[in-house]
Amino acid sequence: MIYGPLHRFLLRSVISQGVISLSEAERLLNGEEQHKSLQDLVKEINDAIRPYQQTLKITRDELTDEEVIVFLSLGYDEATKAQNVFSATELEYFRILIEQIMTTEARQVTSLNAINLVGSMKSSFTKTDAQKLLNTWCRMRYLEKEENNYALGVRAIHEFESYFRQNMPDVVEDCCLCKQIVLRGFNCPSCSLAVHNRCLKRYLEKVEKWPCCKTDFSASQLEQLRNADQVSHTQQSQESAEYNTIAELTQTTTADVDLTQQAHDSEGIVPEISQRITRKRKHRE
C-alpha cells in the first residue's frame with residue numbers, strides 16, 4: 001500500500017472535526033481521483049496510524065442514526081501522554097463528568113449540574129473554565145447537548161468504551177443485537193435486556209417481537225418505557241436543582257465565613273462558629 005495525499009486529506013478532514021458522516025466524506029472525496037472505496041481508504045489509513053494508537057472507526061451515531069467516521073485516540077502510555085490536547089486538571093474534570101453521566105438513569109446531566117461538578121475536583125478549577133471546556137467537547141463531539149442537558153457524544157462512547165467496561169461494569173449494558181454499548185435505547189419489559197433504538201426499529205420491520213426473548217411487541221410498551229424514562233429524568237433534574245441550590249448556599253456561607261474570619265483576624269480574635277452566622281435583626285413592633 002502507498003500512503004499518499006488522498007489518505008492524508010481524508011485523515012486531516014476527520015481529525016479536524018472529530019466526526020464526519022459517511023456522506024460528507026464521500027462528498028469531500030468526490031473531486032479527488034480515486035480508485036478505492038471509502039472503506040478501503042479507512043482500512044489503509046488505520047494500518048498507517050495504528051503504531052500511534054490512533055484509529056478511524058466507521059460506526060453509527062446513536063443520536064442521529066447516520067453512519068459516521070470517528071477519529072479515536074486510544075493511547076494512554078508515556079509517549080502518547082505528551083500529545084494530549086488537555087491538561088491533567090481538564091482530564092480530571094472530564095473523568096468526573098463522564099462518570100456522572102454514565103451513572104444517571106437517563107444517561108444525561110443538566111448544564112448546571114455539569115458546571116457544578118467542579119466542586120468535586122481536587123484541583124483548582126472555575127465554573128468559567130468548565131463552561132469553556134463543555135463547549136469545546138461539544139465541538140469535538142465528545143459531548144452532545146440536547147436542550148439543556150449533556151450526553152456522551154459518539155466519539156466518547158467509542159474512545160472510552162474499554163474505560164467504561166473496566167471501571168463501570170455495573171452500569172454498562174450491551175445491545176442484544178449489535179453487542180455495542182447502549183446509551184439510547186430500551187430495556188425489554190419481559191427480560192430487561194437492552195437494545196438500541198435503531199436496532200429495535202430495524203428488527204421490528206421484519207417481525208413484531210422483542211429481539212431478546214421473542215415475546216410479543218406492542219407500541220404501547222415503548223410509550224410506557226418513554227414515560228417511565230421521562231419521570232426518571234424529571235426526578236434527576238429536580239435532584240440536580242436541589243443540589244445546585246445547596247451548593248450555592250454553601251458557597252455563599254463559605255464566602256461570608258471567610259470575610260468574617262478576615263475581619264476578626266485583623267483584630268487578633270479567632271471567632272467561634274456562632275460569631276460566623278449573620279444574626280437576624282429584631283423588628284420593632
# chains A, B, ... in the order shown; residues from 1 in each chain; ligands from 1
call {"tool": "residues_around", "arguments": {"residues": "range 164-166 of chain A", "least_positions_apart": "4", "cutoff": "10 Å", "atoms": "only C-alpha atoms", "output": "MDAnalysis selection string"}}
result
chainID A and resid 98:99 102 157:160 170:173 181
call {"tool": "write_last_selection", "arguments": {"atoms": "N, CA, C and O atoms", "output": "mmCIF file, in the first residue's frame"}}
result
data_model
loop_
_atom_site.group_PDB
_atom_site.id
_atom_site.type_symbol
_atom_site.label_atom_id
_atom_site.label_comp_id
_atom_site.auth_asym_id
_atom_site.auth_seq_id
_atom_site.Cartn_x
_atom_site.Cartn_y
_atom_site.Cartn_z
ATOM 1 N N ILE A 98 -17.950 12.327 32.804
ATOM 2 C CA ILE A 98 -18.454 11.140 32.100
ATOM 3 C C ILE A 98 -18.935 10.078 33.090
ATOM 4 O O ILE A 98 -19.900 9.350 32.799
ATOM 5 N N GLU A 99 -18.306 10.007 34.260
ATOM 6 C CA GLU A 99 -18.778 9.050 35.257
ATOM 7 C C GLU A 99 -20.145 9.471 35.804
ATOM 8 O O GLU A 99 -21.003 8.629 36.074
ATOM 9 N N MET A 102 -22.683 8.544 33.074
ATOM 10 C CA MET A 102 -22.899 7.107 32.955
ATOM 11 C C MET A 102 -23.683 6.514 34.126
ATOM 12 O O MET A 102 -24.327 5.471 33.984
ATOM 13 N N ILE A 157 -18.218 7.707 23.358
ATOM 14 C CA ILE A 157 -18.760 6.361 23.534
ATOM 15 C C ILE A 157 -17.771 5.313 23.047
ATOM 16 O O ILE A 157 -17.532 4.297 23.709
ATOM 17 N N HIS A 158 -17.147 5.564 21.895
ATOM 18 C CA HIS A 158 -16.243 4.570 21.313
ATOM 19 C C HIS A 158 -14.812 4.709 21.820
ATOM 20 O O HIS A 158 -14.103 3.713 21.958
ATOM 21 N N GLU A 159 -14.373 5.931 22.111
ATOM 22 C CA GLU A 159 -12.997 6.126 22.565
ATOM 23 C C GLU A 159 -12.811 5.623 23.997
ATOM 24 O O GLU A 159 -11.740 5.138 24.359
ATOM 25 N N PHE A 160 -13.863 5.713 24.817
ATOM 26 C CA PHE A 160 -13.746 5.337 26.221
ATOM 27 C C PHE A 160 -14.499 4.048 26.544
ATOM 28 O O PHE A 160 -14.764 3.769 27.716
ATOM 29 N N ASP A 170 -21.040 -2.326 36.161
ATOM 30 C CA ASP A 170 -22.415 -2.475 36.637
ATOM 31 C C ASP A 170 -23.408 -1.597 35.893
ATOM 32 O O ASP A 170 -24.618 -1.856 35.929
ATOM 33 N N VAL A 171 -22.928 -0.539 35.225
ATOM 34 C CA VAL A 171 -23.858 0.369 34.539
ATOM 35 C C VAL A 171 -23.779 0.236 33.014
ATOM 36 O O VAL A 171 -24.529 0.892 32.303
ATOM 37 N N VAL A 172 -22.879 -0.620 32.524
ATOM 38 C CA VAL A 172 -22.740 -0.803 31.079
ATOM 39 C C VAL A 172 -23.670 -1.916 30.615
ATOM 40 O O VAL A 172 -23.655 -3.022 31.149
ATOM 41 N N GLU A 173 -24.484 -1.609 29.619
ATOM 42 C CA GLU A 173 -25.373 -2.606 29.026
ATOM 43 C C GLU A 173 -25.090 -2.689 27.531
ATOM 44 O O GLU A 173 -24.956 -1.667 26.865
ATOM 45 N N ILE A 181 -22.322 -0.870 23.311
ATOM 46 C CA ILE A 181 -22.881 -0.210 24.489
ATOM 47 C C ILE A 181 -24.147 0.568 24.134
ATOM 48 O O ILE A 181 -24.192 1.257 23.119
#
call {"tool": "closest_atom_pairs", "arguments": {"of": "range 172-234 of chain A", "to": "range 57-66 of chain A", "cutoff": "12 Å", "atoms": "only C-alpha atoms", "output": "tab-separated table"}}
result
residue	atom	partner	partner_atom	distance
A:Cys175	CA	A:Glu62	CA	11.9
A:Cys178	CA	A:Arg60	CA	11.0
A:Gln180	CA	A:Thr59	CA	10.4
A:Ile181	CA	A:Glu62	CA	10.2
A:Val182	CA	A:Glu62	CA	8.6
A:Leu183	CA	A:Glu62	CA	7.9
A:Arg184	CA	A:Glu62	CA	6.6
A:Gly185	CA	A:Glu62	CA	8.8
A:Val195	CA	A:Glu62	CA	11.5
A:His196	CA	A:Glu62	CA	7.8
A:Asn197	CA	A:Glu62	CA	7.8
A:Arg198	CA	A:Asp65	CA	6.7
A:Cys199	CA	A:Glu62	CA	9.9
A:Lys201	CA	A:Asp65	CA	10.9
A:Arg202	CA	A:Asp65	CA	11.4
call {"tool": "write_last_selection", "arguments": {"atoms": "C-alpha atoms", "output": "tab-separated table (two decimals), in the first residue's frame"}}
result
chain	number	residue	atom	x	y	z
A	175	CYS	CA	-27.37	-4.20	22.85
A	178	CYS	CA	-25.29	-5.41	17.78
A	180	GLN	CA	-22.32	-2.44	21.44
A	181	ILE	CA	-22.88	-0.21	24.49
A	182	VAL	CA	-26.43	1.15	24.78
A	183	LEU	CA	-26.86	4.76	25.87
A	184	ARG	CA	-30.04	5.48	23.92
A	185	GLY	CA	-32.38	2.55	23.84
A	195	VAL	CA	-31.50	-2.81	22.72
A	196	HIS	CA	-30.63	0.33	20.73
A	197	ASN	CA	-33.45	2.46	19.33
A	198	ARG	CA	-32.11	1.96	15.82
A	199	CYS	CA	-31.58	-1.79	16.21
A	201	LYS	CA	-36.59	-0.25	14.76
A	202	ARG	CA	-34.88	-2.32	12.07
call {"tool": "residues_around", "arguments": {"residues": "Trp210 in chain A", "least_positions_apart": "4", "cutoff": "9 Å", "atoms": "only C-alpha atoms", "output": "number ranges by chain"}}
result
A: 188, 190, 200, 203-204, 214-217
call {"tool": "residues_around", "arguments": {"residues": "Ala151 in chain A", "least_positions_apart": "4", "cutoff": "9 Å", "atoms": "only C-alpha atoms", "output": "PDB file with C-alpha atoms, in the first residue's frame"}}
result
ATOM      1  CA  ILE A  98     -18.454  11.140  32.100  1.00  0.00           C
ATOM      2  CA  ILE A 101     -23.355  10.879  33.012  1.00  0.00           C
ATOM      3  CA  MET A 102     -22.899   7.107  32.955  1.00  0.00           C
ATOM      4  CA  ARG A 107     -27.504   8.975  30.817  1.00  0.00           C
ATOM      5  CA  GLN A 108     -27.595  12.796  30.859  1.00  0.00           C
ATOM      6  CA  VAL A 109     -26.754  15.626  33.249  1.00  0.00           C
ATOM      7  CA  TYR A 142     -17.140  14.084  22.872  1.00  0.00           C
ATOM      8  CA  LEU A 143     -20.407  15.513  24.176  1.00  0.00           C
ATOM      9  CA  GLU A 144     -23.821  16.201  22.697  1.00  0.00           C
ATOM     10  CA  LYS A 145     -26.070  18.917  24.087  1.00  0.00           C
ATOM     11  CA  GLU A 146     -29.772  18.112  23.943  1.00  0.00           C
ATOM     12  CA  LEU A 183     -26.864   4.758  25.874  1.00  0.00           C
TER      13      LEU A 183
END
call {"tool": "residues_around", "arguments": {"residues": "Ile15 in chain A", "least_positions_apart": "2", "cutoff": "12 Å", "atoms": "only C-alpha atoms", "output": "PyMOL selection string"}}
result
chain A and resi 8-13+17-20+54-57+69-73+139-141+155
call {"tool": "select_by_dssp", "arguments": {"residues": "range 23-220 of chain A", "states": "strand (DSSP E or B)", "output": "VMD selection string"}}
result
chain A and resid 54 to 60 67 to 73 109 to 110 143 to 146 149 to 152 174 181 185 to 187 194 to 196 209 216
call {"tool": "select_by_dssp", "arguments": {"residues": "range 40-154 of chain A", "states": "alpha helix (DSSP H)", "output": "PyMOL selection string"}}
result
chain A and resi 40-49+78-81+88-102+111-116+127-139+154
call {"tool": "residues_around", "arguments": {"residues": "Ile115 in chain A", "least_positions_apart": "6", "cutoff": "10 Å", "atoms": "only C-alpha atoms", "output": "short mmCIF file (atom, residue, chain, number, x, y, z; two decimals) with all heavy atoms, in the first residue's frame"}}
result
data_model
loop_
_atom_site.label_atom_id
_atom_site.label_comp_id
_atom_site.auth_asym_id
_atom_site.auth_seq_id
_atom_site.Cartn_x
_atom_site.Cartn_y
_atom_site.Cartn_z
N TYR A 93 -11.58 16.75 35.27
CA TYR A 93 -12.97 17.21 35.16
C TYR A 93 -13.75 16.34 34.17
O TYR A 93 -14.91 15.97 34.44
CB TYR A 93 -13.00 18.67 34.70
CG TYR A 93 -14.38 19.21 34.43
CD1 TYR A 93 -15.36 19.24 35.43
CD2 TYR A 93 -14.74 19.68 33.16
CE1 TYR A 93 -16.63 19.71 35.19
CE2 TYR A 93 -16.01 20.16 32.91
CZ TYR A 93 -16.96 20.17 33.93
OH TYR A 93 -18.22 20.64 33.67
N LEU A 97 -17.07 14.10 34.92
CA LEU A 97 -18.26 14.37 34.12
C LEU A 97 -18.81 13.10 33.47
O LEU A 97 -20.02 12.82 33.57
CB LEU A 97 -17.95 15.41 33.06
CG LEU A 97 -19.08 15.74 32.07
CD1 LEU A 97 -20.27 16.38 32.81
CD2 LEU A 97 -18.59 16.67 30.97
N VAL A 109 -26.80 14.72 32.09
CA VAL A 109 -26.75 15.63 33.25
C VAL A 109 -27.17 17.01 32.77
O VAL A 109 -26.94 17.39 31.62
CB VAL A 109 -25.35 15.69 33.90
CG1 VAL A 109 -24.96 14.36 34.50
CG2 VAL A 109 -24.30 16.18 32.92
N THR A 126 -12.42 26.65 37.80
CA THR A 126 -13.56 27.55 37.91
C THR A 126 -14.73 27.09 37.04
O THR A 126 -14.55 26.30 36.11
CB THR A 126 -13.18 28.98 37.51
OG1 THR A 126 -12.92 29.01 36.09
CG2 THR A 126 -11.95 29.45 38.27
N LYS A 127 -15.90 27.64 37.33
CA LYS A 127 -17.08 27.32 36.51
C LYS A 127 -16.94 27.88 35.10
O LYS A 127 -17.45 27.30 34.15
CB LYS A 127 -18.33 27.86 37.19
CG LYS A 127 -18.68 27.15 38.49
CD LYS A 127 -19.98 27.68 39.08
CE LYS A 127 -20.34 26.94 40.35
NZ LYS A 127 -21.61 27.41 40.94
N THR A 128 -16.25 29.00 34.98
CA THR A 128 -16.00 29.58 33.64
C THR A 128 -15.13 28.64 32.82
O THR A 128 -15.38 28.41 31.63
CB THR A 128 -15.31 30.95 33.77
OG1 THR A 128 -16.15 31.82 34.54
CG2 THR A 128 -15.07 31.56 32.39
N ASP A 129 -14.10 28.08 33.46
CA ASP A 129 -13.25 27.09 32.79
C ASP A 129 -14.07 25.89 32.34
O ASP A 129 -13.91 25.38 31.23
CB ASP A 129 -12.14 26.61 33.73
CG ASP A 129 -11.14 27.70 34.08
OD1 ASP A 129 -10.97 28.62 33.26
OD2 ASP A 129 -10.55 27.64 35.17
N ALA A 130 -14.97 25.45 33.23
CA ALA A 130 -15.81 24.29 32.93
C ALA A 130 -16.70 24.54 31.72
O ALA A 130 -16.83 23.70 30.82
CB ALA A 130 -16.65 23.92 34.14
N GLN A 131 -17.33 25.72 31.65
CA GLN A 131 -18.22 26.04 30.55
C GLN A 131 -17.47 26.08 29.22
O GLN A 131 -17.96 25.59 28.19
CB GLN A 131 -18.92 27.37 30.79
CG GLN A 131 -19.99 27.71 29.76
CD GLN A 131 -21.08 26.67 29.69
OE1 GLN A 131 -21.87 26.52 30.61
NE2 GLN A 131 -21.15 25.94 28.58
N LEU A 133 -14.79 24.40 28.47
CA LEU A 133 -14.46 23.03 28.10
C LEU A 133 -15.68 22.27 27.59
O LEU A 133 -15.58 21.50 26.63
CB LEU A 133 -13.88 22.29 29.31
CG LEU A 133 -12.37 22.41 29.50
CD1 LEU A 133 -11.94 21.66 30.75
CD2 LEU A 133 -11.62 21.87 28.30
N LEU A 134 -16.83 22.50 28.21
CA LEU A 134 -18.05 21.84 27.74
C LEU A 134 -18.35 22.22 26.29
O LEU A 134 -18.72 21.37 25.47
CB LEU A 134 -19.23 22.23 28.65
CG LEU A 134 -19.21 21.65 30.07
CD1 LEU A 134 -20.27 22.32 30.93
CD2 LEU A 134 -19.42 20.15 30.04
N ASN A 244 -27.83 21.99 43.26
CA ASN A 244 -27.25 23.28 42.88
C ASN A 244 -27.58 24.36 43.91
O ASN A 244 -26.74 25.20 44.23
CB ASN A 244 -27.80 23.71 41.50
CG ASN A 244 -27.31 22.79 40.40
OD1 ASN A 244 -26.25 22.21 40.51
ND2 ASN A 244 -28.10 22.65 39.34
#
call {"tool": "closest_residue", "arguments": {"among": "A:Gln224, A:Thr103, A:Thr136, A:Ser124", "to": "Ala88 in chain A", "atoms": "only C-alpha atoms"}}
result
A:Ser124
call {"tool": "decode", "arguments": {"residues": "range 176-189 of chain A", "atoms": "all heavy atoms", "output": "mmCIF file, in the first residue's frame"}}
result
data_model
loop_
_atom_site.group_PDB
_atom_site.id
_atom_site.type_symbol
_atom_site.label_atom_id
_atom_site.label_comp_id
_atom_site.auth_asym_id
_atom_site.auth_seq_id
_atom_site.Cartn_x
_atom_site.Cartn_y
_atom_site.Cartn_z
ATOM 1 N N CYS A 176 -28.596 -6.285 22.688
ATOM 2 C CA CYS A 176 -28.747 -7.718 22.448
ATOM 3 C C CYS A 176 -28.592 -8.070 20.969
ATOM 4 O O CYS A 176 -28.416 -9.243 20.626
ATOM 5 C CB CYS A 176 -30.092 -8.207 22.976
ATOM 6 S SG CYS A 176 -31.528 -7.508 22.139
ATOM 7 N N LEU A 177 -28.630 -7.069 20.096
ATOM 8 C CA LEU A 177 -28.483 -7.320 18.654
ATOM 9 C C LEU A 177 -27.079 -7.024 18.135
ATOM 10 O O LEU A 177 -26.429 -7.889 17.567
ATOM 11 C CB LEU A 177 -29.517 -6.507 17.878
ATOM 12 C CG LEU A 177 -30.979 -6.953 18.027
ATOM 13 C CD1 LEU A 177 -31.908 -5.999 17.314
ATOM 14 C CD2 LEU A 177 -31.164 -8.371 17.503
ATOM 15 N N CYS A 178 -26.590 -5.784 18.354
ATOM 16 C CA CYS A 178 -25.288 -5.410 17.782
ATOM 17 C C CYS A 178 -24.129 -5.559 18.764
ATOM 18 O O CYS A 178 -22.971 -5.421 18.379
ATOM 19 C CB CYS A 178 -25.329 -3.978 17.245
ATOM 20 S SG CYS A 178 -25.391 -2.716 18.541
ATOM 21 N N LYS A 179 -24.442 -5.833 20.040
ATOM 22 C CA LYS A 179 -23.439 -6.079 21.087
ATOM 23 C C LYS A 179 -22.598 -4.861 21.442
ATOM 24 O O LYS A 179 -21.554 -4.991 22.076
ATOM 25 C CB LYS A 179 -22.504 -7.243 20.688
ATOM 26 C CG LYS A 179 -23.222 -8.509 20.257
ATOM 27 C CD LYS A 179 -24.215 -8.981 21.307
ATOM 28 C CE LYS A 179 -24.933 -10.254 20.847
ATOM 29 N NZ LYS A 179 -26.007 -10.655 21.800
ATOM 30 N N GLN A 180 -23.022 -3.658 21.055
ATOM 31 C CA GLN A 180 -22.320 -2.442 21.445
ATOM 32 C C GLN A 180 -23.045 -1.780 22.621
ATOM 33 O O GLN A 180 -24.205 -2.068 22.892
ATOM 34 C CB GLN A 180 -22.232 -1.478 20.261
ATOM 35 C CG GLN A 180 -21.365 -1.995 19.121
ATOM 36 C CD GLN A 180 -21.160 -0.965 18.025
ATOM 37 O OE1 GLN A 180 -21.541 0.190 18.160
ATOM 38 N NE2 GLN A 180 -20.558 -1.386 16.933
ATOM 39 N N ILE A 181 -22.322 -0.870 23.311
ATOM 40 C CA ILE A 181 -22.881 -0.210 24.489
ATOM 41 C C ILE A 181 -24.147 0.568 24.134
ATOM 42 O O ILE A 181 -24.192 1.257 23.119
ATOM 43 C CB ILE A 181 -21.844 0.731 25.121
ATOM 44 C CG1 ILE A 181 -20.712 -0.076 25.758
ATOM 45 C CG2 ILE A 181 -22.483 1.615 26.193
ATOM 46 C CD1 ILE A 181 -19.620 0.773 26.368
ATOM 47 N N VAL A 182 -25.155 0.438 24.977
ATOM 48 C CA VAL A 182 -26.427 1.147 24.778
ATOM 49 C C VAL A 182 -26.483 2.368 25.700
ATOM 50 O O VAL A 182 -26.404 2.235 26.914
ATOM 51 C CB VAL A 182 -27.632 0.235 25.075
ATOM 52 C CG1 VAL A 182 -28.929 1.024 24.933
ATOM 53 C CG2 VAL A 182 -27.645 -0.958 24.135
ATOM 54 N N LEU A 183 -26.611 3.540 25.105
ATOM 55 C CA LEU A 183 -26.864 4.758 25.874
ATOM 56 C C LEU A 183 -28.221 5.343 25.530
ATOM 57 O O LEU A 183 -28.805 6.071 26.318
ATOM 58 C CB LEU A 183 -25.768 5.794 25.610
ATOM 59 C CG LEU A 183 -24.375 5.432 26.144
ATOM 60 C CD1 LEU A 183 -23.383 6.541 25.841
ATOM 61 C CD2 LEU A 183 -24.417 5.162 27.630
ATOM 62 N N ARG A 184 -28.703 5.049 24.335
ATOM 63 C CA ARG A 184 -30.040 5.481 23.921
ATOM 64 C C ARG A 184 -30.779 4.249 23.414
ATOM 65 O O ARG A 184 -30.504 3.766 22.329
ATOM 66 C CB ARG A 184 -29.960 6.552 22.830
ATOM 67 C CG ARG A 184 -29.352 7.859 23.304
ATOM 68 C CD ARG A 184 -29.260 8.864 22.167
ATOM 69 N NE ARG A 184 -28.733 10.134 22.620
ATOM 70 C CZ ARG A 184 -27.432 10.418 22.707
ATOM 71 N NH1 ARG A 184 -26.546 9.519 22.348
ATOM 72 N NH2 ARG A 184 -27.020 11.598 23.137
ATOM 73 N N GLY A 185 -31.679 3.752 24.230
ATOM 74 C CA GLY A 185 -32.384 2.546 23.841
ATOM 75 C C GLY A 185 -33.454 2.181 24.844
ATOM 76 O O GLY A 185 -33.913 3.016 25.626
ATOM 77 N N PHE A 186 -33.852 0.914 24.824
ATOM 78 C CA PHE A 186 -34.917 0.426 25.695
ATOM 79 C C PHE A 186 -34.488 -0.881 26.353
ATOM 80 O O PHE A 186 -33.665 -1.617 25.815
ATOM 81 C CB PHE A 186 -36.200 0.174 24.893
ATOM 82 C CG PHE A 186 -36.764 1.394 24.230
ATOM 83 C CD1 PHE A 186 -36.553 1.634 22.882
ATOM 84 C CD2 PHE A 186 -37.519 2.304 24.956
ATOM 85 C CE1 PHE A 186 -37.074 2.763 22.268
ATOM 86 C CE2 PHE A 186 -38.035 3.439 24.350
ATOM 87 C CZ PHE A 186 -37.820 3.664 23.005
ATOM 88 N N ASN A 187 -35.073 -1.133 27.525
ATOM 89 C CA ASN A 187 -34.932 -2.434 28.174
ATOM 90 C C ASN A 187 -36.225 -3.199 27.980
ATOM 91 O O ASN A 187 -37.312 -2.678 28.258
ATOM 92 C CB ASN A 187 -34.632 -2.277 29.663
ATOM 93 C CG ASN A 187 -33.240 -1.742 29.920
ATOM 94 O OD1 ASN A 187 -33.040 -0.535 30.020
ATOM 95 N ND2 ASN A 187 -32.269 -2.625 30.006
ATOM 96 N N CYS A 188 -36.104 -4.396 27.508
ATOM 97 C CA CYS A 188 -37.282 -5.223 27.253
ATOM 98 C C CYS A 188 -38.100 -5.368 28.535
ATOM 99 O O CYS A 188 -37.554 -5.703 29.595
ATOM 100 C CB CYS A 188 -36.849 -6.601 26.757
ATOM 101 S SG CYS A 188 -38.214 -7.776 26.600
ATOM 102 N N PRO A 189 -39.425 -5.117 28.485
ATOM 103 C CA PRO A 189 -40.258 -5.232 29.687
ATOM 104 C C PRO A 189 -40.372 -6.660 30.213
ATOM 105 O O PRO A 189 -40.748 -6.864 31.369
ATOM 106 C CB PRO A 189 -41.623 -4.706 29.229
ATOM 107 C CG PRO A 189 -41.618 -4.834 27.750
ATOM 108 C CD PRO A 189 -40.196 -4.658 27.315
#
